[in-house]
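Q: What follows is structure-v6.cif, mmCIF, C-alpha atoms and all ligand atoms.
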data_input
#
loop_
_atom_site.group_PDB
_atom_site.id
_atom_site.type_symbol
_atom_site.label_atom_id
_atom_site.label_comp_id
_atom_site.auth_asym_id
_atom_site.auth_seq_id
_atom_site.Cartn_x
_atom_site.Cartn_y
_atom_site.Cartn_z
ATOM 1 C CA MET A 332 -25.735 11.948 -5.738
ATOM 2 C CA THR A 333 -22.065 11.842 -6.867
ATOM 3 C CA THR A 334 -21.663 12.937 -10.503
ATOM 4 C CA LEU A 335 -18.843 11.926 -12.853
ATOM 5 C CA VAL A 336 -17.275 15.345 -12.316
ATOM 6 C CA ASP A 337 -17.512 14.983 -8.499
ATOM 7 C CA ALA A 338 -15.964 11.486 -8.616
ATOM 8 C CA THR A 339 -13.149 12.659 -10.892
ATOM 9 C CA LEU A 340 -12.411 15.643 -8.655
ATOM 10 C CA ILE A 341 -12.313 13.387 -5.567
ATOM 11 C CA ALA A 342 -9.789 11.129 -7.363
ATOM 12 C CA ALA A 343 -7.682 14.076 -8.576
ATOM 13 C CA ASP A 344 -7.608 15.571 -5.082
ATOM 14 C CA SER A 345 -6.509 12.228 -3.651
ATOM 15 C CA ALA A 346 -3.735 11.868 -6.275
ATOM 16 C CA LEU A 347 -2.321 15.321 -5.535
ATOM 17 C CA ARG A 348 -2.450 14.777 -1.790
ATOM 18 C CA THR A 349 -0.774 11.349 -2.086
ATOM 19 C CA LEU A 350 2.084 12.619 -4.222
ATOM 20 C CA PHE A 351 2.712 16.113 -2.927
ATOM 21 C CA ALA A 352 1.310 16.624 0.575
ATOM 22 C CA PRO A 353 2.706 15.342 3.873
ATOM 23 C CA HIS A 354 0.656 12.451 5.264
ATOM 24 C CA ARG A 355 -0.822 12.342 8.726
ATOM 25 C CA ALA A 356 -1.401 8.863 10.126
ATOM 26 C CA GLY A 357 -4.705 8.296 11.916
ATOM 27 C CA ARG A 358 -3.000 5.734 14.175
ATOM 28 C CA ALA A 359 0.227 6.044 16.104
ATOM 29 C CA CYS A 360 3.284 4.552 14.428
ATOM 30 C CA PRO A 361 3.817 0.959 15.681
ATOM 31 C CA THR A 362 6.288 1.110 18.525
ATOM 32 C CA VAL A 363 9.566 -0.587 19.255
ATOM 33 C CA PRO A 364 9.371 -3.246 22.030
ATOM 34 C CA GLU A 365 10.195 -1.900 25.514
ATOM 35 C CA PRO A 366 13.463 -3.838 26.149
ATOM 36 C CA VAL A 367 14.819 -2.281 22.969
ATOM 37 C CA GLN A 368 13.765 1.222 24.042
ATOM 38 C CA ALA A 369 15.475 0.593 27.373
ATOM 39 C CA GLY A 370 18.838 0.354 25.661
ATOM 40 C CA GLN A 371 19.221 -3.267 24.536
ATOM 41 C CA ASN A 372 19.591 -2.054 20.999
ATOM 42 C CA THR A 373 22.554 -2.398 18.633
ATOM 43 C CA PRO A 374 22.966 0.574 16.296
ATOM 44 C CA LEU A 375 22.671 -0.174 12.590
ATOM 45 C CA SER A 376 25.862 -0.186 10.514
ATOM 46 C CA THR A 377 26.004 2.037 7.407
ATOM 47 C CA GLU A 378 25.304 -0.971 5.169
ATOM 48 C CA GLU A 379 22.368 -2.095 7.307
ATOM 49 C CA LYS A 380 20.912 1.422 7.261
ATOM 50 C CA ALA A 381 21.215 1.510 3.470
ATOM 51 C CA LEU A 382 19.520 -1.883 3.139
ATOM 52 C CA ALA A 383 16.709 -0.945 5.539
ATOM 53 C CA GLY A 384 16.268 2.372 3.685
ATOM 54 C CA ALA A 385 15.998 0.591 0.324
ATOM 55 C CA LEU A 386 13.464 -1.911 1.684
ATOM 56 C CA MET A 387 11.368 0.806 3.337
ATOM 57 C CA ARG A 388 11.469 2.796 0.072
ATOM 58 C CA VAL A 389 10.034 -0.237 -1.731
ATOM 59 C CA ASN A 390 7.322 -0.451 0.939
ATOM 60 C CA HIS A 391 6.623 3.270 0.570
ATOM 61 C CA VAL A 392 6.180 2.793 -3.196
ATOM 62 C CA GLY A 393 3.818 -0.102 -2.468
ATOM 63 C CA GLU A 394 1.719 2.238 -0.358
ATOM 64 C CA ILE A 395 1.754 4.942 -3.072
ATOM 65 C CA CYS A 396 0.417 2.263 -5.431
ATOM 66 C CA ALA A 397 -2.174 1.195 -2.830
ATOM 67 C CA GLN A 398 -3.467 4.786 -2.687
ATOM 68 C CA ALA A 399 -3.692 4.856 -6.488
ATOM 69 C CA LEU A 400 -5.441 1.489 -6.680
ATOM 70 C CA TYR A 401 -8.036 2.209 -3.997
ATOM 71 C CA THR A 402 -8.705 5.705 -5.361
ATOM 72 C CA SER A 403 -9.132 4.543 -8.958
ATOM 73 C CA GLN A 404 -11.241 1.547 -7.977
ATOM 74 C CA ALA A 405 -13.491 3.830 -5.885
ATOM 75 C CA LEU A 406 -13.760 6.171 -8.877
ATOM 76 C CA ALA A 407 -14.694 3.263 -11.159
ATOM 77 C CA ALA A 408 -17.267 2.087 -8.584
ATOM 78 C CA ARG A 409 -18.895 5.530 -8.436
ATOM 79 C CA VAL A 410 -19.234 5.906 -12.214
ATOM 80 C CA GLY A 411 -20.087 2.251 -12.888
ATOM 81 C CA PRO A 412 -23.497 0.541 -13.180
ATOM 82 C CA GLY A 413 -25.826 -0.082 -10.213
ATOM 83 C CA THR A 414 -27.899 1.895 -7.780
ATOM 84 C CA THR A 415 -26.415 5.060 -6.321
ATOM 85 C CA ALA A 416 -26.575 3.689 -2.774
ATOM 86 C CA HIS A 417 -24.808 0.454 -3.723
ATOM 87 C CA LYS A 418 -22.110 2.184 -5.761
ATOM 88 C CA GLU A 419 -21.464 4.653 -2.954
ATOM 89 C CA SER A 420 -21.248 1.841 -0.391
ATOM 90 C CA LEU A 421 -18.629 -0.011 -2.499
ATOM 91 C CA ALA A 422 -16.655 3.197 -3.020
ATOM 92 C CA ARG A 423 -16.728 3.863 0.732
ATOM 93 C CA HIS A 424 -15.510 0.300 1.451
ATOM 94 C CA LEU A 425 -12.539 0.870 -0.854
ATOM 95 C CA GLU A 426 -11.818 4.310 0.597
ATOM 96 C CA ALA A 427 -11.910 3.004 4.183
ATOM 97 C CA ALA A 428 -9.197 0.458 3.352
ATOM 98 C CA GLY A 429 -7.340 3.240 1.541
ATOM 99 C CA GLN A 430 -7.418 5.312 4.725
ATOM 100 C CA GLU A 431 -5.441 2.607 6.545
ATOM 101 C CA GLU A 432 -2.984 2.622 3.659
ATOM 102 C CA THR A 433 -2.460 6.333 4.431
ATOM 103 C CA ASP A 434 -1.214 5.298 7.873
ATOM 104 C CA HIS A 435 1.207 2.890 6.181
ATOM 105 C CA LEU A 436 2.368 5.640 3.849
ATOM 106 C CA ALA A 437 3.023 8.038 6.754
ATOM 107 C CA TRP A 438 4.824 5.374 8.813
ATOM 108 C CA CYS A 439 7.069 4.352 5.891
ATOM 109 C CA LYS A 440 7.953 7.989 5.176
ATOM 110 C CA GLN A 441 8.733 8.609 8.851
ATOM 111 C CA ARG A 442 11.022 5.578 8.927
ATOM 112 C CA LEU A 443 12.716 6.600 5.659
ATOM 113 C CA ASP A 444 13.500 9.987 7.239
ATOM 114 C CA GLU A 445 14.872 8.330 10.379
ATOM 115 C CA LEU A 446 17.105 6.101 8.246
ATOM 116 C CA GLY A 447 18.393 9.092 6.272
ATOM 117 C CA SER A 448 16.857 7.651 3.101
ATOM 118 C CA HIS A 449 14.291 9.025 0.647
ATOM 119 C CA PRO A 450 11.102 8.027 -1.203
ATOM 120 C CA SER A 451 11.336 6.799 -4.785
ATOM 121 C CA LEU A 452 11.985 9.542 -7.333
ATOM 122 C CA LEU A 453 9.585 7.744 -9.669
ATOM 123 C CA ASN A 454 6.536 7.966 -7.390
ATOM 124 C CA PRO A 455 4.393 9.931 -9.909
ATOM 125 C CA LEU A 456 5.093 7.188 -12.451
ATOM 126 C CA TRP A 457 4.219 4.371 -10.018
ATOM 127 C CA TYR A 458 1.042 6.220 -9.047
ATOM 128 C CA ALA A 459 -0.042 6.717 -12.659
ATOM 129 C CA GLY A 460 0.587 3.065 -13.555
ATOM 130 C CA ALA A 461 -1.279 1.726 -10.535
ATOM 131 C CA PHE A 462 -4.145 4.179 -11.117
ATOM 132 C CA GLY A 463 -4.604 2.857 -14.662
ATOM 133 C CA ILE A 464 -4.562 -0.765 -13.493
ATOM 134 C CA GLY A 465 -7.072 0.008 -10.704
ATOM 135 C CA LEU A 466 -9.374 1.787 -13.125
ATOM 136 C CA LEU A 467 -9.294 -1.217 -15.444
ATOM 137 C CA ALA A 468 -10.011 -3.628 -12.566
ATOM 138 C CA GLY A 469 -12.832 -1.368 -11.386
ATOM 139 C CA ARG A 470 -14.412 -1.259 -14.852
ATOM 140 C CA LEU A 471 -14.553 -5.071 -14.929
ATOM 141 C CA GLY A 472 -17.254 -5.050 -12.267
ATOM 142 C CA GLU A 473 -17.603 -5.130 -8.515
ATOM 143 C CA ARG A 474 -16.636 -8.747 -7.884
ATOM 144 C CA VAL A 475 -13.556 -8.605 -10.102
ATOM 145 C CA SER A 476 -12.556 -5.283 -8.563
ATOM 146 C CA LEU A 477 -12.836 -6.767 -5.063
ATOM 147 C CA GLY A 478 -11.038 -9.919 -6.273
ATOM 148 C CA PHE A 479 -8.225 -7.702 -7.471
ATOM 149 C CA VAL A 480 -8.024 -6.188 -3.967
ATOM 150 C CA VAL A 481 -7.856 -9.700 -2.459
ATOM 151 C CA GLU A 482 -5.041 -10.796 -4.775
ATOM 152 C CA THR A 483 -3.107 -7.538 -4.417
ATOM 153 C CA GLU A 484 -3.274 -7.632 -0.627
ATOM 154 C CA ARG A 485 -2.213 -11.290 -0.572
ATOM 155 C CA GLN A 486 0.798 -10.535 -2.744
ATOM 156 C CA VAL A 487 1.688 -7.549 -0.555
ATOM 157 C CA GLU A 488 1.426 -9.789 2.515
ATOM 158 C CA ALA A 489 3.917 -12.261 0.993
ATOM 159 C CA HIS A 490 6.196 -9.408 0.010
ATOM 160 C CA LEU A 491 6.139 -7.929 3.545
ATOM 161 C CA ASP A 492 6.913 -11.375 4.910
ATOM 162 C CA SER A 493 10.030 -11.484 2.740
ATOM 163 C CA HIS A 494 11.039 -8.068 4.097
ATOM 164 C CA LEU A 495 10.753 -9.345 7.657
ATOM 165 C CA ASP A 496 13.345 -11.943 6.622
ATOM 166 C CA ARG A 497 15.618 -9.380 4.964
ATOM 167 C CA LEU A 498 15.493 -6.395 7.337
ATOM 168 C CA PRO A 499 18.402 -6.265 9.788
ATOM 169 C CA PRO A 500 17.313 -8.176 12.932
ATOM 170 C CA GLN A 501 18.068 -5.191 15.190
ATOM 171 C CA ASP A 502 16.063 -2.743 13.057
ATOM 172 C CA HIS A 503 13.133 -3.054 15.439
ATOM 173 C CA ALA A 504 11.523 0.209 14.329
ATOM 174 C CA SER A 505 11.194 -0.862 10.661
ATOM 175 C CA ARG A 506 10.156 -4.368 11.674
ATOM 176 C CA ALA A 507 7.367 -3.067 13.944
ATOM 177 C CA ILE A 508 5.959 -0.993 11.057
ATOM 178 C CA VAL A 509 6.175 -3.852 8.543
ATOM 179 C CA ALA A 510 4.543 -6.309 10.968
ATOM 180 C CA GLN A 511 1.559 -3.974 11.570
ATOM 181 C CA MET A 512 1.225 -3.300 7.849
ATOM 182 C CA LYS A 513 1.164 -7.027 7.193
ATOM 183 C CA ALA A 514 -1.613 -7.543 9.756
ATOM 184 C CA ASP A 515 -3.650 -4.756 8.102
ATOM 185 C CA GLU A 516 -3.135 -6.146 4.582
ATOM 186 C CA VAL A 517 -4.312 -9.596 5.714
ATOM 187 C CA ARG A 518 -7.497 -7.983 7.034
ATOM 188 C CA HIS A 519 -8.007 -5.944 3.847
ATOM 189 C CA ALA A 520 -7.816 -9.145 1.789
ATOM 190 C CA LYS A 521 -10.282 -10.925 4.090
ATOM 191 C CA GLU A 522 -12.760 -8.026 4.036
ATOM 192 C CA ALA A 523 -12.648 -7.756 0.240
ATOM 193 C CA GLN A 524 -13.184 -11.503 -0.057
ATOM 194 C CA GLN A 525 -16.130 -11.402 2.351
ATOM 195 C CA ALA A 526 -17.578 -8.500 0.336
ATOM 196 C CA GLY A 527 -17.727 -10.792 -2.731
ATOM 197 C CA GLY A 528 -14.273 -10.673 -4.346
ATOM 198 C CA VAL A 529 -13.707 -13.486 -6.849
ATOM 199 C CA GLU A 530 -10.511 -15.509 -7.316
ATOM 200 C CA LEU A 531 -8.585 -14.070 -10.269
ATOM 201 C CA PRO A 532 -7.311 -16.401 -13.032
ATOM 202 C CA LEU A 533 -3.789 -17.771 -12.445
ATOM 203 C CA LEU A 534 -2.419 -15.935 -15.474
ATOM 204 C CA VAL A 535 -3.617 -12.611 -14.050
ATOM 205 C CA GLN A 536 -2.083 -13.439 -10.661
ATOM 206 C CA LYS A 537 1.230 -14.239 -12.368
ATOM 207 C CA THR A 538 1.148 -11.025 -14.422
ATOM 208 C CA MET A 539 0.488 -9.000 -11.268
ATOM 209 C CA ARG A 540 3.465 -10.692 -9.582
ATOM 210 C CA SER A 541 5.724 -9.887 -12.543
ATOM 211 C CA ALA A 542 4.635 -6.234 -12.595
ATOM 212 C CA ALA A 543 5.277 -5.981 -8.841
ATOM 213 C CA LYS A 544 8.724 -7.518 -9.326
ATOM 214 C CA VAL A 545 9.666 -4.824 -11.863
ATOM 215 C CA MET A 546 8.448 -2.105 -9.501
ATOM 216 C CA THR A 547 10.227 -3.473 -6.402
ATOM 217 C CA THR A 548 13.513 -4.033 -8.270
ATOM 218 C CA ILE A 549 13.609 -0.460 -9.587
ATOM 219 C CA ALA A 550 12.321 1.159 -6.376
ATOM 220 C CA HIS A 551 15.037 -0.627 -4.388
ATOM 221 C CA ARG A 552 17.528 1.619 -6.209
ATOM 222 C CA VAL A 553 15.679 4.845 -7.083
HETATM 223 FE FE FE B 601 -0.572 -0.957 2.991
HETATM 224 FE FE FE B 602 -3.941 -2.997 2.277
#
For the file at hand, write its structure as structure tokens.
Ligand SMILES: [Fe+2]
Ligand SMILES: [Fe+2]
A:
Amino acid sequence: MTTLVDATLIAADSALRTLFAPHRAGRACPTVPEPVQAGQNTPLSTEEKALAGALMRVNHVGEICAQALYTSQALAARVGPGTTAHKESLARHLEAAGQEETDHLAWCKQRLDELGSHPSLLNPLWYAGAFGIGLLAGRLGERVSLGFVVETERQVEAHLDSHLDRLPPQDHASRAIVAQMKADEVRHAKEAQQAGGVELPLLVQKTMRSAAKVMTTIAHRV
């Protein structure tokens, strides 16, 4: 049986690893199409590199927040009401999706390094904010918590779509990563919905969009 202390330690360990340890992806980084590898590739200009770096930094922050959300929601599930088996199964569902987000985090960091860019300097702040929001969503009950996952993943999907429009067309490496992330986020939303996630009120959806806008605008720069 997982106690409150156990659950808190699991969450603290995850926070420290997300913010301060290098991440190892469980899956290989999505690859660049073969014709591009064979030399039909135009190098990125300095401006294009800077733009791609800023966009991948925003995506990296999104993945830091995803780690915080899944970890805090799993923590809330473990200490919430219900049978031990059921609570543990919900927490495991959230952690499994979080594991795929670790791949995203590692891929974004790898691409940031390749572009000569860097992660956001405010990552601890983003993590703390997202952790608090996830904890609140988790305390509102299983179906709301899963509904929050559905809405978050849908908004991330739309955001990644906009990045596919904005990334330089010849930045195949970033585009391959973003396209795979998008496919994963679509599946995360579907799985959370199938697990019983409810539709969140429009006002909540709008507030989430506004909060994400603040985060993406700042992370684009620092
Ligand atoms: Fe992700
Ligand atoms: Fe996701």
Q: Which one is closest to ligand FE 601 (chain B): A:Ala352, A:Ile508, A:Val363, A:Ala408? Count only C-alpha atoms and all ligand atoms.
A: A:Ile508
Q: Name the residues, by chain letter and number, that sit within 10 Å of ligand FE 601 (chain B) using all atoms listed in the file, and give them as a ChimeraX atom specification.
A: /A:390-398,428-436,439,484,487-488,491,509,511-517,519
Q: Take atom CA of Ser420 of chain A and atom CA of Leu400 of chain A and report the distance between them in Å, one decimal.
A: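 That distance, rounded to one decimal, is 17.0 Å.
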Q: Nearest residue to ligand FE 602 (chain B) out of A:Ala399, A:Leu534, A:Leu498, A:Ala343, using all atoms listed in the file?
A: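 The closest residue to ligand FE 602 (chain B) is A:Ala399.
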Q: In Å, how far is it from atom CA of Glu473 of chain A to atom CA of Gln486 of chain A?
A: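 Answer for the atom CA of Glu473 of chain A to atom CA of Gln486 of chain A separation: 20.0 Å.
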Q: Can you measure atom CA of Thr362 of chain A to atom CA of Leu495 of chain A for me? One decimal in Å is fine.
A: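 About the pair atom CA of Thr362 of chain A and atom CA of Leu495 of chain A: they are 15.7 Å apart.
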Q: Would you mind telling me which residue in A:Ser451, A:Gln524, A:Ser403, A:Ser345 lies nearest to His551 of chain A when using only C-alpha atoms?
A: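 Smallest separation from His551 of chain A among the options: A:Ser451.
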